[in-house]
Amino acid sequence: QVQLVESGGGLVQPGGSLRLSCAASLFTSDNYAIGWFRQAPGQEREGVACISASSDSRTYYGDSVKGRFTVFKNDAKSTVYLQMNNLKPEDTAVYYCAADTGIFTSAQCMEPLNFDSWGQGTRVTVSS
């Protein structure tokens with residue numbers, strides 16, 4: 001099974017930025033999709049951003065983060081990043097990265113049940 005380790009969470013003021021990292025025990029150039037999800041207290045796990053398993057590594061975003069978050073990868077480091085800008089209090093959650101094969105579409109990417117391997121999560125708190 002793929003091992004994933006998230007880092008980069010913390011406390012940030014509204015309007016600020018954070019970059020989360022997901023170090024993977026696989027080659028991110030292989031045909032794996034890497035998704036970022038988040039879960040706030042009392043809420044279901046929500047799809048945030050995803051690099052699909054397509055040959056062009058197509059990216060998808062949840063509606064609530066479009067235009068503010070960017071997902072990208074560094075294949076040489078087997079690491080996927082989530083750059084989060086203009087953070088809002090409602091972005092407060094534990095953020096998880098996940099990996100699996102055979103995930104190509106936006107709907108597939110945003111559904112946590114499609115992913116088998118998960119990291120332990122990193123907490124992001126947006127507060128003044």
# chains A, B, ... in the order shown; residues from 1 in each chain; ligands from 1
$ residues_around --residues "region 48-64 of chain A" --least-positions-apart "2" --cutoff "7 Å" --atoms "only C-alpha atoms" --output "PyMOL selection string"
chain A and resi 31-38+46+66+71+101-104+106+109
$ select_by_dssp --residues "chain A" --states "strand (DSSP E or B)" --output "ChimeraX atom specification"
/A:4-7,10-12,18-24,32-39,46-51,59-61,69-74,79-84,93-101,117-118,122-126
$ residues_around --residues "region 17-23 of chain A" --least-positions-apart "2" --cutoff "7 Å" --atoms "only C-alpha atoms" --output "list in words"
Leu4, Val5, Glu6, Ser7, Gly8, Gly9, Gly15, Ser25, Ser78, Thr79, Val80, Tyr81, Leu82, Gln83, Met84, Asn85, Asn86, Leu87 and Cys97 of chain A
$ write_last_selection --atoms "N, CA, C and O atoms" --output "compact mmCIF listing (two decimals), in the first residue's frame"
# COMPACT_ATOMS: atom_id res chain seq x y z
N LEU A 4 1.69 7.75 2.63
CA LEU A 4 1.56 9.19 2.37
C LEU A 4 1.75 9.94 3.68
O LEU A 4 1.19 9.54 4.71
N VAL A 5 2.52 11.01 3.64
CA VAL A 5 2.77 11.82 4.84
C VAL A 5 2.53 13.28 4.50
O VAL A 5 3.23 13.86 3.67
N GLU A 6 1.54 13.88 5.17
CA GLU A 6 1.24 15.29 4.97
C GLU A 6 2.03 16.15 5.95
O GLU A 6 2.36 15.72 7.06
N SER A 7 2.29 17.37 5.55
CA SER A 7 2.92 18.35 6.43
C SER A 7 2.54 19.74 5.94
O SER A 7 2.01 19.90 4.84
N GLY A 8 2.82 20.73 6.80
CA GLY A 8 2.63 22.11 6.39
C GLY A 8 1.43 22.80 7.00
O GLY A 8 1.22 24.00 6.77
N GLY A 9 0.63 22.08 7.77
CA GLY A 9 -0.51 22.71 8.40
C GLY A 9 -0.09 23.68 9.50
O GLY A 9 1.07 23.75 9.89
N GLY A 15 -7.13 35.48 4.95
CA GLY A 15 -6.43 36.15 3.87
C GLY A 15 -5.01 35.67 3.67
O GLY A 15 -4.37 36.02 2.67
N SER A 25 5.20 7.42 -1.14
CA SER A 25 6.13 6.30 -1.35
C SER A 25 5.87 5.65 -2.70
O SER A 25 5.90 4.43 -2.82
N SER A 78 8.71 13.08 -5.51
CA SER A 78 7.51 12.27 -5.21
C SER A 78 6.62 12.98 -4.20
O SER A 78 6.14 12.37 -3.23
N THR A 79 6.41 14.25 -4.42
CA THR A 79 5.65 15.07 -3.49
C THR A 79 4.59 15.85 -4.25
O THR A 79 4.84 16.39 -5.33
N VAL A 80 3.42 15.90 -3.66
CA VAL A 80 2.31 16.69 -4.20
C VAL A 80 2.01 17.81 -3.21
O VAL A 80 2.01 17.59 -1.99
N TYR A 81 1.77 18.99 -3.73
CA TYR A 81 1.58 20.17 -2.91
C TYR A 81 0.17 20.73 -3.09
O TYR A 81 -0.45 20.58 -4.15
N LEU A 82 -0.29 21.40 -2.05
CA LEU A 82 -1.53 22.14 -2.13
C LEU A 82 -1.24 23.56 -1.65
O LEU A 82 -1.01 23.79 -0.46
N GLN A 83 -1.18 24.48 -2.60
CA GLN A 83 -0.97 25.88 -2.28
C GLN A 83 -2.32 26.51 -2.00
O GLN A 83 -3.20 26.50 -2.87
N MET A 84 -2.47 27.05 -0.81
CA MET A 84 -3.75 27.63 -0.39
C MET A 84 -3.57 29.12 -0.15
O MET A 84 -2.79 29.52 0.73
N ASN A 85 -4.26 29.92 -0.93
CA ASN A 85 -4.19 31.37 -0.81
C ASN A 85 -5.54 31.93 -0.40
O ASN A 85 -6.57 31.28 -0.55
N ASN A 86 -5.50 33.16 0.10
CA ASN A 86 -6.74 33.85 0.52
C ASN A 86 -7.59 32.94 1.41
O ASN A 86 -8.79 32.75 1.18
N LEU A 87 -6.96 32.42 2.42
CA LEU A 87 -7.64 31.46 3.29
C LEU A 87 -8.75 32.13 4.08
O LEU A 87 -8.66 33.30 4.46
N CYS A 97 -4.16 13.86 2.30
CA CYS A 97 -3.94 13.47 0.91
C CYS A 97 -4.21 11.98 0.78
O CYS A 97 -4.12 11.22 1.75
$ closest_residue --among "A:Val126, A:Val65, A:Ala99, A:Ala93" --to "Gln3 (chain A)" --atoms "only C-alpha atoms"
A:Ala99
$ atom_distance --atom1 "CA of Val2 (chain A)" --atom2 "CA of Lys77 (chain A)"
15.1 Å
$ select_by_dssp --residues "chain A" --states "helix (DSSP H, G or I)" --output "mmCIF file with N, CA and C atoms, in the first residue's frame"
data_model
loop_
_atom_site.group_PDB
_atom_site.id
_atom_site.type_symbol
_atom_site.label_atom_id
_atom_site.label_comp_id
_atom_site.auth_asym_id
_atom_site.auth_seq_id
_atom_site.Cartn_x
_atom_site.Cartn_y
_atom_site.Cartn_z
ATOM 1 N N ASP A 75 7.690 15.547 -9.371
ATOM 2 C CA ASP A 75 7.926 14.115 -9.551
ATOM 3 C C ASP A 75 9.288 13.699 -9.009
ATOM 4 N N ALA A 76 10.267 14.577 -9.100
ATOM 5 C CA ALA A 76 11.609 14.235 -8.620
ATOM 6 C C ALA A 76 11.609 13.997 -7.116
ATOM 7 N N LYS A 77 10.688 14.649 -6.422
ATOM 8 C CA LYS A 77 10.607 14.498 -4.963
ATOM 9 C C LYS A 77 9.453 13.603 -4.545
ATOM 10 N N PRO A 89 -11.906 31.480 7.250
ATOM 11 C CA PRO A 89 -12.180 30.655 8.438
ATOM 12 C C PRO A 89 -12.858 29.336 8.094
ATOM 13 N N GLU A 90 -13.657 29.323 7.059
ATOM 14 C CA GLU A 90 -14.344 28.082 6.682
ATOM 15 C C GLU A 90 -13.411 27.050 6.036
ATOM 16 N N ASP A 91 -12.164 27.419 5.800
ATOM 17 C CA ASP A 91 -11.172 26.450 5.322
ATOM 18 C C ASP A 91 -10.564 25.656 6.479
ATOM 19 N N SER A 106 -13.420 14.401 -12.737
ATOM 20 C CA SER A 106 -13.639 15.261 -11.584
ATOM 21 C C SER A 106 -14.477 14.552 -10.526
ATOM 22 N N ALA A 107 -15.540 13.903 -10.954
ATOM 23 C CA ALA A 107 -16.413 13.217 -9.998
ATOM 24 C C ALA A 107 -15.668 12.124 -9.242
ATOM 25 N N GLN A 108 -14.827 11.394 -9.975
ATOM 26 C CA GLN A 108 -14.029 10.347 -9.317
ATOM 27 C C GLN A 108 -13.043 10.955 -8.329
ATOM 28 N N CYS A 109 -12.424 12.062 -8.731
ATOM 29 C CA CYS A 109 -11.406 12.709 -7.902
ATOM 30 C C CYS A 109 -11.982 13.263 -6.603
ATOM 31 N N PRO A 112 -14.129 10.663 -1.805
ATOM 32 C CA PRO A 112 -13.118 10.004 -0.964
ATOM 33 C C PRO A 112 -13.203 8.486 -0.989
ATOM 34 N N LEU A 113 -14.363 7.933 -1.241
ATOM 35 C CA LEU A 113 -14.493 6.477 -1.249
ATOM 36 C C LEU A 113 -13.716 5.828 -2.385
ATOM 37 N N ASN A 114 -13.298 6.615 -3.371
ATOM 38 C CA ASN A 114 -12.538 6.062 -4.493
ATOM 39 C C ASN A 114 -11.056 5.876 -4.178
#
$ residues_around --residues "Gln1 (chain A)" --least-positions-apart "4" --cutoff "12 Å" --atoms "only C-alpha atoms" --output "list in words"
Ala24, Ser25, Leu26, Ala98, Ala99, Asp100, Thr101, Phe115, Asp116, Ser117, Trp118 and Gly119 of chain A
$ write_last_selection --atoms "C-alpha atoms" --output "PDB file, in the first residue's frame"
ATOM      1  CA  ALA A  24       4.422   9.686  -1.285  1.00  0.00           C
ATOM      2  CA  SER A  25       6.130   6.297  -1.349  1.00  0.00           C
ATOM      3  CA  LEU A  26       5.446   6.022  -5.051  1.00  0.00           C
ATOM      4  CA  ALA A  98      -4.954  10.207  -0.689  1.00  0.00           C
ATOM      5  CA  ALA A  99      -3.793   8.072  -3.616  1.00  0.00           C
ATOM      6  CA  ASP A 100      -5.214   5.435  -5.893  1.00  0.00           C
ATOM      7  CA  THR A 101      -5.199   4.274  -9.485  1.00  0.00           C
ATOM      8  CA  PHE A 115      -9.188   6.330  -2.681  1.00  0.00           C
ATOM      9  CA  ASP A 116      -7.544   3.439  -0.856  1.00  0.00           C
ATOM     10  CA  SER A 117      -4.376   4.967   0.605  1.00  0.00           C
ATOM     11  CA  TRP A 118      -4.523   7.893   3.037  1.00  0.00           C
ATOM     12  CA  GLY A 119      -2.126   9.994   5.035  1.00  0.00           C
TER      13      GLY A 119
END
$ atom_distance --atom1 "CA of Thr105 (chain A)" --atom2 "CA of Gly47 (chain A)"
12.7 Å
$ closest_residue --among "A:Asn74, A:Tyr96, A:Gly10, A:Arg68" --to "Phe27 (chain A)" --atoms "only C-alpha atoms"
A:Asn74
